[in-house]
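S.K.: Okay, so here is my_file27.tsv, and as you'll see once you scroll down, it has TSV, C-alpha atoms.
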```
chain	number	residue	atom	x	y	z
A	1	MET	CA	-45.01	14.85	-12.91
A	2	ALA	CA	-45.84	18.53	-12.99
A	3	GLY	CA	-49.44	19.17	-14.01
A	4	GLY	CA	-50.38	15.51	-13.42
A	5	LYS	CA	-49.04	14.41	-16.80
A	6	THR	CA	-48.29	10.70	-16.81
A	7	PRO	CA	-47.73	7.85	-19.30
A	8	PHE	CA	-49.58	5.44	-17.01
A	9	VAL	CA	-53.12	4.18	-16.76
A	10	LYS	CA	-53.84	3.50	-13.09
A	11	LYS	CA	-56.25	0.78	-12.09
A	12	MET	CA	-57.64	-0.37	-8.73
A	13	VAL	CA	-57.63	-4.17	-8.67
A	14	ASP	CA	-58.36	-6.90	-6.15
A	15	CYS	CA	-55.31	-8.99	-5.34
A	16	PRO	CA	-56.04	-12.54	-6.56
A	17	MET	CA	-54.25	-13.87	-3.48
A	18	CYS	CA	-55.56	-11.84	-0.54
A	19	ASN	CA	-58.44	-9.88	-2.17
A	20	VAL	CA	-57.12	-6.55	-0.86
A	21	LYS	CA	-57.80	-3.76	-3.36
A	22	ALA	CA	-54.73	-1.78	-4.44
A	23	GLU	CA	-53.65	0.51	-7.25
A	24	ASN	CA	-51.57	-0.87	-10.07
A	25	ARG	CA	-50.66	0.66	-13.40
A	26	PHE	CA	-49.71	-0.03	-16.97
A	27	ILE	CA	-48.16	2.14	-19.66
A	28	MET	CA	-50.57	3.65	-22.15
A	29	PRO	CA	-50.54	1.69	-25.42
A	30	LYS	CA	-48.50	3.19	-28.26
A	31	SER	CA	-46.88	5.77	-25.98
A	32	TYR	CA	-43.40	4.48	-26.85
A	33	VAL	CA	-41.72	2.34	-29.50
A	34	ASP	CA	-39.02	-0.32	-29.27
A	35	LYS	CA	-36.15	1.35	-31.11
A	36	THR	CA	-33.38	-1.26	-30.81
A	37	VAL	CA	-34.01	-4.96	-30.15
A	38	GLU	CA	-31.18	-7.43	-29.47
A	39	SER	CA	-31.09	-11.01	-30.68
A	40	ASP	CA	-32.39	-12.39	-27.36
A	41	HIS	CA	-35.43	-10.07	-27.66
A	42	HIS	CA	-34.05	-7.52	-25.20
A	43	VAL	CA	-35.15	-4.00	-26.11
A	44	SER	CA	-31.97	-2.02	-25.51
A	45	GLU	CA	-33.46	1.30	-26.55
A	46	HIS	CA	-36.98	2.69	-26.18
A	47	LYS	CA	-38.28	5.92	-27.63
A	48	TRP	CA	-41.10	7.77	-25.91
A	49	LEU	CA	-43.34	9.62	-28.33
A	50	ASP	CA	-43.59	12.34	-25.68
A	51	GLU	CA	-40.11	13.31	-24.46
A	52	ASP	CA	-41.55	14.42	-21.13
A	53	TYR	CA	-41.67	10.73	-20.25
A	54	ASN	CA	-37.99	10.01	-20.87
A	55	GLN	CA	-37.39	9.59	-17.13
A	56	PHE	CA	-39.50	6.41	-17.10
A	57	HIS	CA	-37.95	3.06	-18.04
A	58	PRO	CA	-40.70	0.74	-19.39
A	59	PRO	CA	-39.18	-2.60	-18.20
A	60	PHE	CA	-39.36	-1.35	-14.59
A	61	TYR	CA	-43.15	-1.52	-14.77
A	62	HIS	CA	-43.68	-4.98	-16.21
A	63	PHE	CA	-44.99	-6.60	-13.01
A	64	TRP	CA	-47.99	-5.84	-10.84
A	65	HIS	CA	-47.73	-6.00	-7.07
A	66	CYS	CA	-49.92	-6.26	-3.98
A	67	PRO	CA	-48.53	-4.11	-1.14
A	68	ALA	CA	-50.55	-6.10	1.41
A	69	CYS	CA	-49.50	-9.71	0.82
A	70	LYS	CA	-46.58	-8.95	-1.59
A	71	TYR	CA	-47.90	-11.15	-4.38
A	72	THR	CA	-46.16	-10.09	-7.60
A	73	ALA	CA	-46.94	-11.31	-11.11
A	74	SER	CA	-47.81	-10.23	-14.63
A	75	GLN	CA	-50.78	-7.99	-15.34
A	76	ARG	CA	-52.68	-10.94	-16.84
A	77	ASP	CA	-52.25	-13.01	-13.67
A	78	PHE	CA	-53.83	-10.18	-11.67
A	79	LEU	CA	-56.71	-9.49	-14.02
A	80	LYS	CA	-57.47	-13.01	-15.27
A	81	PRO	CA	-55.91	-15.45	-12.78
A	82	GLY	CA	-56.21	-19.06	-13.79
A	83	GLU	CA	-58.17	-18.31	-16.95
A	84	ASP	CA	-55.65	-20.05	-19.19
A	85	PRO	CA	-56.26	-23.84	-18.96
A	86	GLN	CA	-52.48	-24.37	-18.88
A	87	ASN	CA	-52.07	-21.91	-16.00
A	88	ASN	CA	-50.97	-23.28	-12.61
A	89	PHE	CA	-52.40	-20.32	-10.67
A	90	ASN	CA	-54.45	-22.46	-8.27
A	91	LEU	CA	-51.35	-24.41	-7.26
A	92	ILE	CA	-49.40	-21.19	-6.76
A	93	LYS	CA	-52.19	-19.68	-4.68
A	94	LYS	CA	-52.32	-22.72	-2.44
A	95	ALA	CA	-48.54	-22.60	-1.93
A	96	PHE	CA	-48.55	-18.81	-1.44
A	97	VAL	CA	-51.19	-18.77	1.31
A	98	GLN	CA	-49.40	-21.64	3.04
A	99	MET	CA	-45.91	-20.10	3.01
A	100	THR	CA	-43.60	-20.94	5.86
A	101	PRO	CA	-42.24	-18.14	8.09
A	102	ALA	CA	-38.92	-18.36	6.21
A	103	GLN	CA	-40.66	-17.99	2.85
A	104	LYS	CA	-42.72	-15.06	4.13
A	105	GLN	CA	-39.52	-13.40	5.30
A	106	ILE	CA	-38.15	-13.48	1.74
A	107	THR	CA	-41.35	-12.10	0.19
A	108	GLN	CA	-41.51	-9.33	2.80
A	109	LEU	CA	-37.87	-8.43	2.24
A	110	LEU	CA	-38.31	-8.17	-1.53
A	111	GLY	CA	-41.71	-6.50	-1.45
A	112	SER	CA	-41.39	-4.05	1.41
A	113	GLU	CA	-40.04	-1.04	-0.53
A	114	VAL	CA	-42.00	-1.10	-3.80
A	115	ASN	CA	-43.17	2.39	-4.76
A	116	TYR	CA	-44.29	2.90	-8.35
A	117	ASP	CA	-43.94	6.68	-8.04
A	118	LYS	CA	-40.25	6.35	-7.17
A	119	MET	CA	-39.34	3.29	-9.17
A	120	ASN	CA	-35.62	2.57	-9.42
A	121	LEU	CA	-33.31	-0.36	-10.18
A	122	LYS	CA	-33.55	-1.91	-6.72
A	123	MET	CA	-37.34	-1.86	-6.68
A	124	ALA	CA	-37.57	-3.22	-10.21
A	125	MET	CA	-35.07	-5.99	-9.46
A	126	ASN	CA	-36.90	-6.84	-6.25
A	127	MET	CA	-40.17	-7.17	-8.13
A	128	HIS	CA	-38.59	-9.38	-10.80
A	129	LEU	CA	-37.03	-11.64	-8.18
A	130	LEU	CA	-40.23	-11.70	-6.16
A	131	ALA	CA	-42.22	-12.75	-9.23
A	132	ILE	CA	-39.69	-15.57	-9.78
A	133	TYR	CA	-39.80	-16.62	-6.14
A	134	VAL	CA	-43.60	-16.82	-6.14
A	135	GLN	CA	-43.56	-19.02	-9.25
A	136	GLN	CA	-41.02	-21.34	-7.63
A	137	LEU	CA	-43.08	-21.95	-4.49
A	138	VAL	CA	-44.67	-24.94	-6.20
A	139	PRO	CA	-42.80	-28.24	-6.80
A	140	LEU	CA	-40.46	-28.35	-9.78
A	141	ASP	CA	-42.68	-30.57	-11.94
A	142	GLU	CA	-45.70	-28.29	-11.40
A	143	ARG	CA	-44.03	-25.02	-12.42
A	144	ASP	CA	-44.76	-23.02	-15.56
A	145	SER	CA	-41.30	-23.36	-17.10
A	146	SER	CA	-42.06	-20.96	-19.96
A	147	LYS	CA	-43.16	-18.20	-17.58
A	148	ILE	CA	-40.22	-18.73	-15.22
A	149	ALA	CA	-37.81	-18.65	-18.16
A	150	SER	CA	-39.17	-15.30	-19.33
A	151	TYR	CA	-38.95	-13.87	-15.80
A	152	TYR	CA	-35.30	-14.90	-15.45
A	153	LEU	CA	-34.53	-13.52	-18.90
A	154	ARG	CA	-36.10	-10.16	-17.99
A	155	THR	CA	-34.08	-10.07	-14.77
A	156	GLY	CA	-30.88	-10.65	-16.73
A	157	TRP	CA	-31.83	-7.78	-19.03
A	158	LEU	CA	-32.10	-5.37	-16.09
A	159	ILE	CA	-28.59	-6.26	-14.95
A	160	ARG	CA	-27.28	-5.91	-18.51
A	161	GLU	CA	-28.82	-2.48	-18.86
A	162	GLN	CA	-27.27	-1.21	-15.66
A	163	LYS	CA	-23.84	-2.54	-16.66
A	164	ALA	CA	-24.19	-0.84	-20.05
A	165	LYS	CA	-24.79	2.46	-18.29
A	166	GLY	CA	-21.49	2.09	-16.46
A	167	ASP	CA	-23.28	2.04	-13.09
A	168	SER	CA	-21.87	5.48	-12.32
A	169	GLU	CA	-24.04	5.82	-9.23
A	170	GLY	CA	-23.08	2.41	-7.93
A	171	GLN	CA	-26.65	1.09	-7.91
A	172	LEU	CA	-25.66	-2.31	-9.26
A	173	VAL	CA	-22.75	-2.65	-6.84
A	174	GLU	CA	-25.07	-1.78	-3.97
A	175	TYR	CA	-27.66	-4.23	-5.18
A	176	LYS	CA	-25.09	-7.03	-5.44
A	177	ASN	CA	-24.36	-6.50	-1.76
A	178	PHE	CA	-28.08	-6.87	-1.09
A	179	LEU	CA	-28.18	-10.06	-3.17
A	180	ALA	CA	-25.31	-11.53	-1.17
A	181	LYS	CA	-27.34	-11.05	2.02
A	182	LEU	CA	-30.51	-12.35	0.36
A	183	GLY	CA	-28.59	-15.44	-0.72
A	184	LYS	CA	-28.35	-16.53	2.90
A	185	LEU	CA	-32.15	-16.83	2.96
A	186	TRP	CA	-32.62	-17.86	-0.68
A	187	PRO	CA	-29.46	-19.72	-1.82
A	188	GLU	CA	-30.70	-20.08	-5.42
A	189	VAL	CA	-31.24	-16.34	-5.97
A	190	PRO	CA	-29.44	-15.32	-9.20
A	191	GLN	CA	-26.48	-13.04	-8.59
A	192	THR	CA	-25.40	-12.17	-12.15
A	193	GLU	CA	-26.73	-11.73	-15.66
A	194	GLU	CA	-25.01	-14.98	-16.68
A	195	GLU	CA	-26.83	-16.92	-13.95
A	196	CYS	CA	-30.14	-15.43	-15.04
A	197	LEU	CA	-29.50	-16.33	-18.67
A	198	LYS	CA	-28.42	-19.91	-18.01
A	199	THR	CA	-31.43	-20.52	-15.78
A	200	ALA	CA	-33.71	-18.95	-18.39
A	201	ALA	CA	-32.27	-21.13	-21.16
A	202	ALA	CA	-32.63	-24.31	-19.09
A	203	ALA	CA	-36.25	-23.43	-18.26
A	204	PHE	CA	-37.00	-22.67	-21.92
A	205	GLU	CA	-35.55	-26.09	-22.82
A	206	LYS	CA	-37.99	-27.70	-20.41
A	207	ALA	CA	-40.83	-25.66	-21.90
A	208	TYR	CA	-39.77	-26.81	-25.36
A	209	GLN	CA	-40.28	-30.40	-24.26
A	210	ASN	CA	-43.69	-30.12	-22.63
A	211	HIS	CA	-45.40	-26.72	-23.04
A	212	PRO	CA	-48.37	-26.76	-25.46
A	213	LYS	CA	-47.49	-23.37	-26.95
A	214	TYR	CA	-44.40	-24.93	-28.57
A	215	ALA	CA	-46.24	-27.77	-30.26
A	216	ASP	CA	-46.13	-25.69	-33.44
A	217	ILE	CA	-42.91	-26.40	-35.35
A	218	VAL	CA	-42.24	-22.75	-36.20
A	219	HIS	CA	-42.66	-21.59	-32.58
A	220	ALA	CA	-40.57	-24.49	-31.33
A	221	THR	CA	-37.77	-23.85	-33.84
A	222	ASP	CA	-37.74	-20.15	-33.05
A	223	LEU	CA	-37.51	-20.99	-29.35
A	224	MET	CA	-34.51	-23.28	-29.84
A	225	ILE	CA	-32.69	-20.51	-31.69
A	226	LEU	CA	-33.50	-18.14	-28.81
A	227	ILE	CA	-32.17	-20.72	-26.35
A	228	ALA	CA	-28.93	-20.97	-28.35
A	229	ASP	CA	-28.59	-17.19	-28.38
A	230	ILE	CA	-29.12	-17.02	-24.61
A	231	TYR	CA	-26.52	-19.72	-23.98
A	232	LEU	CA	-24.06	-17.87	-26.21
A	233	ARG	CA	-24.54	-14.68	-24.22
A	234	ALA	CA	-23.97	-16.67	-21.05
A	235	GLY	CA	-20.68	-17.97	-22.45
A	236	ASP	CA	-21.75	-21.61	-22.96
A	237	MET	CA	-20.94	-22.40	-26.60
A	238	GLY	CA	-21.41	-26.14	-26.09
A	239	GLN	CA	-25.03	-25.81	-25.02
A	240	ALA	CA	-25.65	-23.25	-27.74
A	241	MET	CA	-24.31	-25.62	-30.39
A	242	ARG	CA	-26.42	-28.47	-29.02
A	243	SER	CA	-29.54	-26.33	-29.35
A	244	LEU	CA	-28.66	-25.30	-32.91
A	245	ASN	CA	-27.97	-28.90	-33.89
A	246	ASN	CA	-31.42	-29.72	-32.56
A	247	VAL	CA	-32.87	-27.03	-34.83
A	248	MET	CA	-31.16	-28.52	-37.88
A	249	GLN	CA	-32.18	-32.10	-37.08
A	250	THR	CA	-35.77	-31.20	-36.24
A	251	GLY	CA	-36.07	-28.99	-39.33
A	252	GLN	CA	-34.75	-31.67	-41.67
A	253	LYS	CA	-37.13	-34.23	-40.19
A	254	PHE	CA	-40.04	-31.81	-40.55
A	255	ARG	CA	-39.21	-31.11	-44.20
A	256	GLN	CA	-39.13	-34.82	-44.94
A	257	GLN	CA	-42.48	-35.32	-43.21
A	258	MET	CA	-44.08	-32.44	-45.10
A	259	GLY	CA	-42.70	-33.73	-48.39
A	260	GLU	CA	-44.13	-37.18	-47.67
A	261	SER	CA	-47.49	-35.71	-46.61
A	262	MET	CA	-47.77	-33.70	-49.83
A	263	ARG	CA	-46.82	-36.74	-51.90
A	264	ARG	CA	-49.49	-38.93	-50.25
A	265	GLU	CA	-52.19	-36.26	-50.48
A	266	LYS	CA	-51.34	-35.60	-54.12
A	267	GLU	CA	-51.54	-39.31	-54.99
A	268	ALA	CA	-54.89	-39.50	-53.22
A	269	GLY	CA	-56.15	-36.45	-55.09
A	270	GLN	CA	-56.56	-34.52	-51.84
A	271	LEU	CA	-53.85	-31.88	-52.23
A	272	SER	CA	-55.67	-28.65	-52.98
A	273	MET	CA	-53.84	-25.50	-54.01
A	274	ALA	CA	-54.75	-23.88	-50.69
A	275	ARG	CA	-53.43	-26.86	-48.75
A	276	LYS	CA	-50.20	-26.94	-50.74
A	277	ALA	CA	-49.69	-23.20	-50.23
A	278	GLN	CA	-50.22	-23.67	-46.48
A	279	LEU	CA	-47.66	-26.47	-46.24
A	280	ASP	CA	-45.17	-24.64	-48.46
A	281	ALA	CA	-45.45	-21.52	-46.31
A	282	GLN	CA	-44.76	-23.49	-43.15
A	283	VAL	CA	-41.78	-25.25	-44.70
A	284	ASN	CA	-40.42	-21.92	-45.94
A	285	ARG	CA	-40.63	-20.42	-42.45
A	286	VAL	CA	-38.75	-23.40	-41.04
A	287	ASN	CA	-36.16	-23.10	-43.84
A	288	VAL	CA	-35.53	-19.46	-42.90
A	289	LEU	CA	-35.02	-20.43	-39.25
A	290	MET	CA	-32.73	-23.31	-40.22
A	291	GLU	CA	-30.65	-20.93	-42.31
A	292	LYS	CA	-30.36	-18.62	-39.33
A	293	ALA	CA	-29.35	-21.54	-37.12
A	294	GLY	CA	-26.76	-22.61	-39.70
A	295	ASP	CA	-25.23	-19.14	-39.74
A	296	MET	CA	-25.06	-19.15	-35.93
A	297	ARG	CA	-23.37	-22.56	-35.97
A	298	GLN	CA	-20.70	-21.31	-38.36
A	299	GLU	CA	-20.02	-18.31	-36.17
A	300	ILE	CA	-19.56	-20.57	-33.15
A	301	ILE	CA	-17.25	-22.84	-35.14
A	302	LYS	CA	-15.14	-19.83	-36.17
A	303	VAL	CA	-14.75	-18.82	-32.54
A	304	ARG	CA	-13.91	-22.37	-31.50
A	305	ILE	CA	-11.31	-22.68	-34.26
A	306	ALA	CA	-9.66	-19.44	-33.15
A	307	GLN	CA	-9.56	-20.72	-29.58
A	308	GLN	CA	-8.36	-24.23	-30.45
A	309	GLU	CA	-5.83	-23.49	-33.18
A	310	PRO	CA	-2.74	-22.73	-31.01
A	311	LYS	CA	-3.18	-25.94	-29.03
A	312	ALA	CA	-3.95	-27.99	-32.15
A	313	LYS	CA	-0.82	-26.69	-33.88
A	314	ALA	CA	1.25	-27.65	-30.86
A	315	VAL	CA	-0.19	-31.20	-30.93
A	316	VAL	CA	0.49	-31.54	-34.67
A	317	ALA	CA	4.07	-30.29	-34.23
A	318	LYS	CA	4.72	-32.63	-31.31
A	319	LEU	CA	3.29	-35.76	-32.94
A	320	GLY	CA	4.79	-34.90	-36.32
A	321	GLY	CA	8.18	-34.47	-34.66
A	322	GLU	CA	7.79	-37.96	-33.21
A	323	GLY	CA	7.32	-39.32	-36.73
A	324	MET	CA	3.60	-40.07	-36.49
A	325	ASP	CA	1.76	-40.53	-39.78
A	326	PRO	CA	-0.45	-37.51	-40.72
A	327	GLU	CA	-3.58	-39.70	-40.87
A	328	LEU	CA	-2.91	-40.98	-37.37
A	329	ILE	CA	-2.40	-37.39	-36.22
A	330	ARG	CA	-5.79	-36.60	-37.79
A	331	GLU	CA	-7.42	-39.37	-35.74
A	332	LYS	CA	-5.69	-38.13	-32.60
A	333	LEU	CA	-7.04	-34.59	-33.14
A	334	LYS	CA	-10.53	-36.05	-33.54
A	335	GLU	CA	-10.13	-37.91	-30.25
A	336	LEU	CA	-9.19	-34.60	-28.61
A	337	ASN	CA	-12.41	-33.04	-29.97
A	338	PHE	CA	-10.83	-30.40	-32.17
A	339	GLU	CA	-13.17	-28.92	-34.79
A	340	SER	CA	-13.17	-30.90	-38.04
A	341	GLN	CA	-12.72	-27.71	-40.07
A	342	LEU	CA	-9.61	-26.90	-38.04
A	343	ILE	CA	-8.22	-30.41	-38.58
A	344	THR	CA	-8.70	-30.02	-42.34
A	345	LYS	CA	-7.09	-26.59	-42.20
A	346	LEU	CA	-3.97	-27.99	-40.52
A	347	LEU	CA	-3.70	-31.37	-42.29
A	348	GLY	CA	-5.62	-30.93	-45.53
A	349	GLU	CA	-8.35	-33.23	-46.80
A	350	PRO	CA	-8.06	-36.86	-45.65
A	351	LYS	CA	-6.76	-39.37	-48.16
A	352	ARG	CA	-9.39	-41.37	-49.95
A	353	LYS	CA	-9.37	-45.06	-49.10
A	354	LYS	CA	-8.39	-47.38	-51.94
A	355	PHE	CA	-10.77	-50.27	-52.56
A	356	LEU	CA	-9.40	-53.60	-53.69
A	357	GLY	CA	-11.17	-55.82	-56.21
A	358	LEU	CA	-12.32	-55.80	-59.76
A	359	PHE	CA	-14.52	-52.73	-59.55
```
Show me, as structure tokens, the structure contained in the file I just sent.
M.R.:
Amino acid sequence: MAGGKTPFVKKMVDCPMCNVKAENRFIMPKSYVDKTVESDHHVSEHKWLDEDYNQFHPPFYHFWHCPACKYTASQRDFLKPGEDPQNNFNLIKKAFVQMTPAQKQITQLLGSEVNYDKMNLKMAMNMHLLAIYVQQLVPLDERDSSKIASYYLRTGWLIREQKAKGDSEGQLVEYKNFLAKLGKLWPEVPQTEEECLKTAAAAFEKAYQNHPKYADIVHATDLMILIADIYLRAGDMGQAMRSLNNVMQTGQKFRQQMGESMRREKEAGQLSMARKAQLDAQVNRVNVLMEKAGDMRQEIIKVRIAQQEPKAKAVVAKLGGEGMDPELIREKLKELNFESQLITKLLGEPKRKKFLGLF
């Protein structure tokens, strides 16, 4: 910018893969605020505190990059590689330095045009995909599913943002042509926002099962709600509902366990006020998340009912016209997997069974 004014802090760092020193950068802390955040954590609107920086789009600068070997990853993985005991950096490094010619061709293709001073959609997308590709060099069971999920989610956000702009300059259309060519070398490369979201959700589900960071019930519950939201945005209501049902079941089980723990500790004279307050606070946080999950479930059910109602009405009319008993029609609708609320709406509450005997 004119006069050397910049929102970036530039830093010379040694690449953790090839040890070549290169300049990377990060945005100065507190130089912008997240103005609008969507339910899947996507920041759809940023506000720079200095309007001279409005030309810069913060998500474009999330990843760091080595222009020599093309290694691309988060800032933390450059500055403190392998420091986290759960990090698989050593496995990734081994796979990266032993890449096949075909793998090197993909990394060179994605990393050959990165220029932080002229950052645009193509460069940012290339860096996101390159970061994903590097993470996926290791076998499936040795990957950091949480990290891969977040990378795919971020990639989907970039596509969403460009679509929201109307793509007046045709950047997204041009990039899709590039992705089609890249797909011949890397068949699994995501082509659309929906593909990115579904892959992110599936990876988050794997992380939910085995990543230590989600051992905490509140973090795990929050993650399952995020997974449901991502699936909804990708158009998969079935998977979203499954995730929300998991939230409700896990939350109810947790509440029962906490209730039993407090009862036992109280009987043993070990339940201090501080301990009780701690457990109550955790249960309350889970209750809030369960309520949110319940609201999301109802919204999905409303959409399903709207989609299913014409077909369900046709089935009721057909079977009713054939003289079938309403209760048998009810059972038939259940077999066809129509929503129970819709069945009640069309046929009313089921008749109560009469019990024979003295009582």
S.K.: Using all atoms listed in the file, can you tell me which of A:Leu91, A:Leu179, A:Ile305, A:Met99 comes closest to A:Thr192?
M.R.: A:Leu179
S.K.: Nearest to A:Val114 among A:His128, A:Arg154, A:His65, A:Lys30, with distances taken over all atoms listed in the file: which residue is it?
M.R.: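 Smallest separation from A:Val114 among the options: A:His65.
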S.K.: Could you check which of A:Leu244, A:Ala314, A:Leu121, A:Cys66 is closest to A:Glu169, using only C-alpha atoms?
M.R.: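 Ranked by minimum distance to A:Glu169, first place goes to A:Leu121.
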S.K.: Restricting the calculation to all atoms listed in the file: of A:Arg233, A:Lys181, A:Lys313, A:His41, which residue gets closest to A:Cys196?
M.R.: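 Looking only at the distances to A:Cys196, the closest residue turns out to be A:Arg233.
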S.K.: Have a look at A:Thr155, A:Ser145, A:Ser112, A:Gln341 and name the one nearest to A:Ala306; count all atoms listed in the file.
M.R.: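 Smallest separation from A:Ala306 among the options: A:Gln341.
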S.K.: Any idea what the distance is between atom CA of A:Lys70 and atom CA of A:Asp141?
M.R.: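 Between atom CA of A:Lys70 and atom CA of A:Asp141 the gap is 24.3 Å.
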S.K.: Quick one: residues within 12 Å of A:Tyr208, all atoms listed in the file counted, chain neighbours fewer than 3 positions away excluded, as a PyMOL selection string?
M.R.: chain A and resi 144-146+149+201-205+211-227+243+246-247
S.K.: Which residue, A:Gln86, A:Gln135, A:Gln103, A:Ser272, has the smallest gap to A:Trp186 when you use only C-alpha atoms?
M.R.: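 Among the listed residues, the smallest separation from A:Trp186 belongs to A:Gln103.
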S.K.: So that I can check the surroundings of A:Ser340, please list as an MDAnalysis selection string every protein, DNA and RNA residue that reaches within 12 Å of it, counting all atoms listed in the file and ignoring chain neighbours fewer than 3 positions away.
M.R.: chainID A and resid 301:302 304:305 308:309 312 330:337 343:350
S.K.: Extract, using only C-alpha atoms, all DNA, RNA and protein residues at most 10 Å from A:Ile132, discarding same-chain residues fewer than 5 positions from it, and format them as a list in words.
M.R.: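 So the residues in contact are Thr72, Ala73, Asn126, Met127, Leu137, Lys147, Ile148, Ala149, Ser150, Tyr151, Tyr152, Thr155 and Val189 of chain A.
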S.K.: Could the residues in this selection be saved with C-alpha atoms as a PDB file, in the coordinates of the input?
M.R.:
```pdb
ATOM      1  CA  THR A  72     -46.160 -10.090  -7.600  1.00  0.00           C
ATOM      2  CA  ALA A  73     -46.940 -11.310 -11.110  1.00  0.00           C
ATOM      3  CA  ASN A 126     -36.900  -6.840  -6.250  1.00  0.00           C
ATOM      4  CA  MET A 127     -40.170  -7.170  -8.130  1.00  0.00           C
ATOM      5  CA  LEU A 137     -43.080 -21.950  -4.490  1.00  0.00           C
ATOM      6  CA  LYS A 147     -43.160 -18.200 -17.580  1.00  0.00           C
ATOM      7  CA  ILE A 148     -40.220 -18.730 -15.220  1.00  0.00           C
ATOM      8  CA  ALA A 149     -37.810 -18.650 -18.160  1.00  0.00           C
ATOM      9  CA  SER A 150     -39.170 -15.300 -19.330  1.00  0.00           C
ATOM     10  CA  TYR A 151     -38.950 -13.870 -15.800  1.00  0.00           C
ATOM     11  CA  TYR A 152     -35.300 -14.900 -15.450  1.00  0.00           C
ATOM     12  CA  THR A 155     -34.080 -10.070 -14.770  1.00  0.00           C
ATOM     13  CA  VAL A 189     -31.240 -16.340  -5.970  1.00  0.00           C
TER      14      VAL A 189
END
```
S.K.: Could you work out how far atom CA of A:Gly294 lies from atom CA of A:Lys253, giving the answer in Å with one decimal?
M.R.: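 Result for atom CA of A:Lys253 versus atom CA of A:Gly294: 15.6 Å, one decimal.
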S.K.: As an exercise, work out the distance from atom CA of A:Leu79 to atom CA of A:Val13 in Å and give it to one decimal place.
M.R.: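 Spanning atom CA of A:Leu79 to atom CA of A:Val13 is a straight-line distance of 7.6 Å.
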S.K.: Which residues come within 9 Å of A:Leu172, counting only C-alpha atoms, excluding same-chain residues fewer than 5 positions away, as a PyMOL selection string?
M.R.: chain A and resi 121-122+159+162-163+167+177
S.K.: Just want the 12 Å neighbourhood of A:Lys118, counted on all atoms listed in the file, with same-chain residues fewer than 6 positions away dropped. Output as a list in words.
M.R.: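 Skipping anything fewer than 6 positions along the chain leaves Met1, Gln55, Phe56, His57, Phe60, Tyr61 and Ala124 of chain A.
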